[in-house]
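For reference, the structure discussed in these notes is given below.
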Amino acid sequence: MTEADFDALDKAILLELQRDGRAPFTSIAARLQVAEGTVRKRVNRLVERGVLRLVGIIDPARVGRTIQAIVGIRVGDGHVEQVVEHLRSLPQVRYLGVTAGAYDLIIEVVVSSNEELYQFLTNQLRQVPGVAASDTSLILKVFKDRYEWRPYEDDQPAAGEAGT
């Protein structure tokens with residue numbers, strides 16, 4: 001699905017759900033001045049097409065995982081897929097991306113203590129076949145952690161202007 005496949009109402013619904021993912025379709029429909037069935041059908045279509053996922057997001061710090069680190073990983077020739085598959089299975093890895101630049105992979109690690117981070121880096125990460133080197137940056141304080149990314153925020157119509 002491309003941006004051309006979205007109309008103003010789809011964008012408005014996405015923003016409403018980002019403001020409150022638990023908002024009833026009736027409330028969203030009232031704010032956007034459309035029928036509840038229209039909102040329900042649009043949300044279902046966005047979910048089916050993989051544009052929207054409705055999930056609960058856990059704050060790691062609130063469940064005792066107060067240590068976060070970003071780790072840049074250099075991988076030996078031809079081992080990226082192997083390393084990715086191994087790292088995907090580790091519960092401490094919250095984010096994993098293949099990158100271009102100084103590192104082949106970037107991961108975010110979330111653990112409950114410096115000791116657990118040490119054990120992860122020395123006993124797990126360094127033992128992964130294909131990992132050539134890594135650089136770790138400890139996150140001391142988070143100033144922005146935004147899951148409600150809003151690509152359409154600036155072009156939203158006023159309530160009632162969205163089509164059906």
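If you're wondering about the labels, chains in the structure tokens are A, B, ... by order shown, residues count from 1 in each chain, ligands from 1 in order shown.
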
>> Can you pull out every residue from stretch 93-154 of chain A that DSSP, working from the backbone, puts in helix (DSSP H, G or I), and format the result as an MDAnalysis selection string?
In response: chainID A and resid 114:127 153:154

> Quick one: residues within 10 Å of A:Ser113, only C-alpha atoms counted, chain neighbours fewer than 3 positions away excluded, as a ChimeraX atom specification?
Replying inline: /A:64-68,110,116-119

Where does DSSP see strand (DSSP E or B) in stretch 41-124 of chain A, if you list the residues as a PDB file with N, CA, C and O atoms, in the first residue's frame?
ATOM      1  N   ILE A  67      18.033  -0.554  31.939  1.00  0.00           N
ATOM      2  CA  ILE A  67      19.280  -0.325  31.197  1.00  0.00           C
ATOM      3  C   ILE A  67      19.013  -0.532  29.715  1.00  0.00           C
ATOM      4  O   ILE A  67      18.554  -1.593  29.281  1.00  0.00           O
ATOM      5  N   GLN A  68      19.301   0.517  28.933  1.00  0.00           N
ATOM      6  CA  GLN A  68      19.155   0.441  27.482  1.00  0.00           C
ATOM      7  C   GLN A  68      20.491   0.793  26.851  1.00  0.00           C
ATOM      8  O   GLN A  68      21.184   1.705  27.315  1.00  0.00           O
ATOM      9  N   ALA A  69      20.828   0.081  25.799  1.00  0.00           N
ATOM     10  CA  ALA A  69      22.065   0.349  25.077  1.00  0.00           C
ATOM     11  C   ALA A  69      21.826   0.181  23.590  1.00  0.00           C
ATOM     12  O   ALA A  69      21.015  -0.642  23.166  1.00  0.00           O
ATOM     13  N   ILE A  70      22.557   0.958  22.813  1.00  0.00           N
ATOM     14  CA  ILE A  70      22.579   0.811  21.364  1.00  0.00           C
ATOM     15  C   ILE A  70      23.917   0.163  21.022  1.00  0.00           C
ATOM     16  O   ILE A  70      24.973   0.626  21.476  1.00  0.00           O
ATOM     17  N   VAL A  71      23.862  -0.900  20.254  1.00  0.00           N
ATOM     18  CA  VAL A  71      25.075  -1.639  19.909  1.00  0.00           C
ATOM     19  C   VAL A  71      25.213  -1.672  18.390  1.00  0.00           C
ATOM     20  O   VAL A  71      24.309  -2.143  17.691  1.00  0.00           O
ATOM     21  N   GLY A  72      26.334  -1.143  17.906  1.00  0.00           N
ATOM     22  CA  GLY A  72      26.679  -1.249  16.491  1.00  0.00           C
ATOM     23  C   GLY A  72      27.518  -2.504  16.298  1.00  0.00           C
ATOM     24  O   GLY A  72      28.460  -2.740  17.060  1.00  0.00           O
ATOM     25  N   ILE A  73      27.149  -3.311  15.310  1.00  0.00           N
ATOM     26  CA  ILE A  73      27.811  -4.603  15.108  1.00  0.00           C
ATOM     27  C   ILE A  73      28.391  -4.678  13.704  1.00  0.00           C
ATOM     28  O   ILE A  73      27.725  -4.370  12.721  1.00  0.00           O
ATOM     29  N   ARG A  74      29.653  -5.090  13.646  1.00  0.00           N
ATOM     30  CA  ARG A  74      30.289  -5.385  12.366  1.00  0.00           C
ATOM     31  C   ARG A  74      30.282  -6.897  12.202  1.00  0.00           C
ATOM     32  O   ARG A  74      30.602  -7.647  13.129  1.00  0.00           O
ATOM     33  N   VAL A  75      29.889  -7.330  11.014  1.00  0.00           N
ATOM     34  CA  VAL A  75      29.723  -8.751  10.734  1.00  0.00           C
ATOM     35  C   VAL A  75      30.748  -9.185   9.707  1.00  0.00           C
ATOM     36  O   VAL A  75      31.053  -8.445   8.770  1.00  0.00           O
ATOM     37  N   VAL A  93      17.128  -8.202  22.888  1.00  0.00           N
ATOM     38  CA  VAL A  93      17.188  -7.361  21.689  1.00  0.00           C
ATOM     39  C   VAL A  93      15.784  -6.855  21.371  1.00  0.00           C
ATOM     40  O   VAL A  93      14.903  -7.622  21.010  1.00  0.00           O
ATOM     41  N   ARG A  94      15.618  -5.545  21.529  1.00  0.00           N
ATOM     42  CA  ARG A  94      14.315  -4.904  21.305  1.00  0.00           C
ATOM     43  C   ARG A  94      14.176  -4.421  19.871  1.00  0.00           C
ATOM     44  O   ARG A  94      13.086  -4.363  19.330  1.00  0.00           O
ATOM     45  N   TYR A  95      15.281  -4.041  19.259  1.00  0.00           N
ATOM     46  CA  TYR A  95      15.282  -3.499  17.905  1.00  0.00           C
ATOM     47  C   TYR A  95      16.495  -4.045  17.183  1.00  0.00           C
ATOM     48  O   TYR A  95      17.570  -4.170  17.771  1.00  0.00           O
ATOM     49  N   LEU A  96      16.323  -4.363  15.912  1.00  0.00           N
ATOM     50  CA  LEU A  96      17.425  -4.884  15.094  1.00  0.00           C
ATOM     51  C   LEU A  96      17.249  -4.372  13.682  1.00  0.00           C
ATOM     52  O   LEU A  96      16.192  -4.540  13.081  1.00  0.00           O
ATOM     53  N   GLY A  97      18.276  -3.716  13.174  1.00  0.00           N
ATOM     54  CA  GLY A  97      18.224  -3.209  11.808  1.00  0.00           C
ATOM     55  C   GLY A  97      19.545  -3.409  11.093  1.00  0.00           C
ATOM     56  O   GLY A  97      20.609  -3.285  11.690  1.00  0.00           O
ATOM     57  N   VAL A  98      19.457  -3.738   9.803  1.00  0.00           N
ATOM     58  CA  VAL A  98      20.641  -3.799   8.951  1.00  0.00           C
ATOM     59  C   VAL A  98      20.898  -2.382   8.477  1.00  0.00           C
ATOM     60  O   VAL A  98      19.967  -1.670   8.086  1.00  0.00           O
ATOM     61  N   LEU A 105      24.977  -3.884  11.435  1.00  0.00           N
ATOM     62  CA  LEU A 105      23.732  -4.016  12.186  1.00  0.00           C
ATOM     63  C   LEU A 105      23.723  -3.032  13.342  1.00  0.00           C
ATOM     64  O   LEU A 105      24.778  -2.717  13.899  1.00  0.00           O
ATOM     65  N   ILE A 106      22.536  -2.600  13.707  1.00  0.00           N
ATOM     66  CA  ILE A 106      22.337  -1.810  14.920  1.00  0.00           C
ATOM     67  C   ILE A 106      21.264  -2.532  15.724  1.00  0.00           C
ATOM     68  O   ILE A 106      20.220  -2.912  15.182  1.00  0.00           O
ATOM     69  N   ILE A 107      21.533  -2.726  17.014  1.00  0.00           N
ATOM     70  CA  ILE A 107      20.522  -3.310  17.882  1.00  0.00           C
ATOM     71  C   ILE A 107      20.309  -2.415  19.091  1.00  0.00           C
ATOM     72  O   ILE A 107      21.214  -1.683  19.496  1.00  0.00           O
ATOM     73  N   GLU A 108      19.111  -2.472  19.627  1.00  0.00           N
ATOM     74  CA  GLU A 108      18.837  -1.861  20.918  1.00  0.00           C
ATOM     75  C   GLU A 108      18.668  -3.013  21.892  1.00  0.00           C
ATOM     76  O   GLU A 108      17.921  -3.957  21.638  1.00  0.00           O
ATOM     77  N   VAL A 109      19.389  -2.938  22.999  1.00  0.00           N
ATOM     78  CA  VAL A 109      19.357  -3.965  24.029  1.00  0.00           C
ATOM     79  C   VAL A 109      18.705  -3.368  25.270  1.00  0.00           C
ATOM     80  O   VAL A 109      19.040  -2.256  25.672  1.00  0.00           O
ATOM     81  N   VAL A 110      17.772  -4.111  25.862  1.00  0.00           N
ATOM     82  CA  VAL A 110      17.091  -3.664  27.071  1.00  0.00           C
ATOM     83  C   VAL A 110      17.249  -4.754  28.119  1.00  0.00           C
ATOM     84  O   VAL A 110      16.862  -5.901  27.904  1.00  0.00           O
ATOM     85  N   VAL A 111      17.855  -4.388  29.254  1.00  0.00           N
ATOM     86  CA  VAL A 111      18.118  -5.342  30.330  1.00  0.00           C
ATOM     87  C   VAL A 111      17.845  -4.677  31.681  1.00  0.00           C
ATOM     88  O   VAL A 111      17.595  -3.484  31.760  1.00  0.00           O
TER      89      VAL A 111
END

>> Considering only C-alpha atoms, can you say which of A:Ile58, A:Leu140, A:Val131, A:Asn123 comes closest to A:Gly78?
In response: A:Val131

>> When you count only C-alpha atoms, which of these residues is closest to A:Gly21: A:Leu54, A:Val34, A:Leu125, A:Leu9?
In response: A:Leu54

>> Measuring between only C-alpha atoms, which one of A:Arg40, A:His86, A:Arg53, A:Arg146 shows the shortest distance to A:Gly130?
In response: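 For A:Gly130, the nearest of the given residues is A:His86.
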
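Distance-wise, atom CA of A:Ala12 and atom CA of A:Thr38 end up 12.5 Å apart.
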
> Between A:Asp10, A:Ser27, A:Ile57, A:Arg22, which one has atoms that come closest to A:Val43, using only C-alpha atoms?
Replying inline: A:Asp10

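Here atom CA of A:Thr136 is placed at a distance of 13.1 Å from atom CA of A:Ala102.
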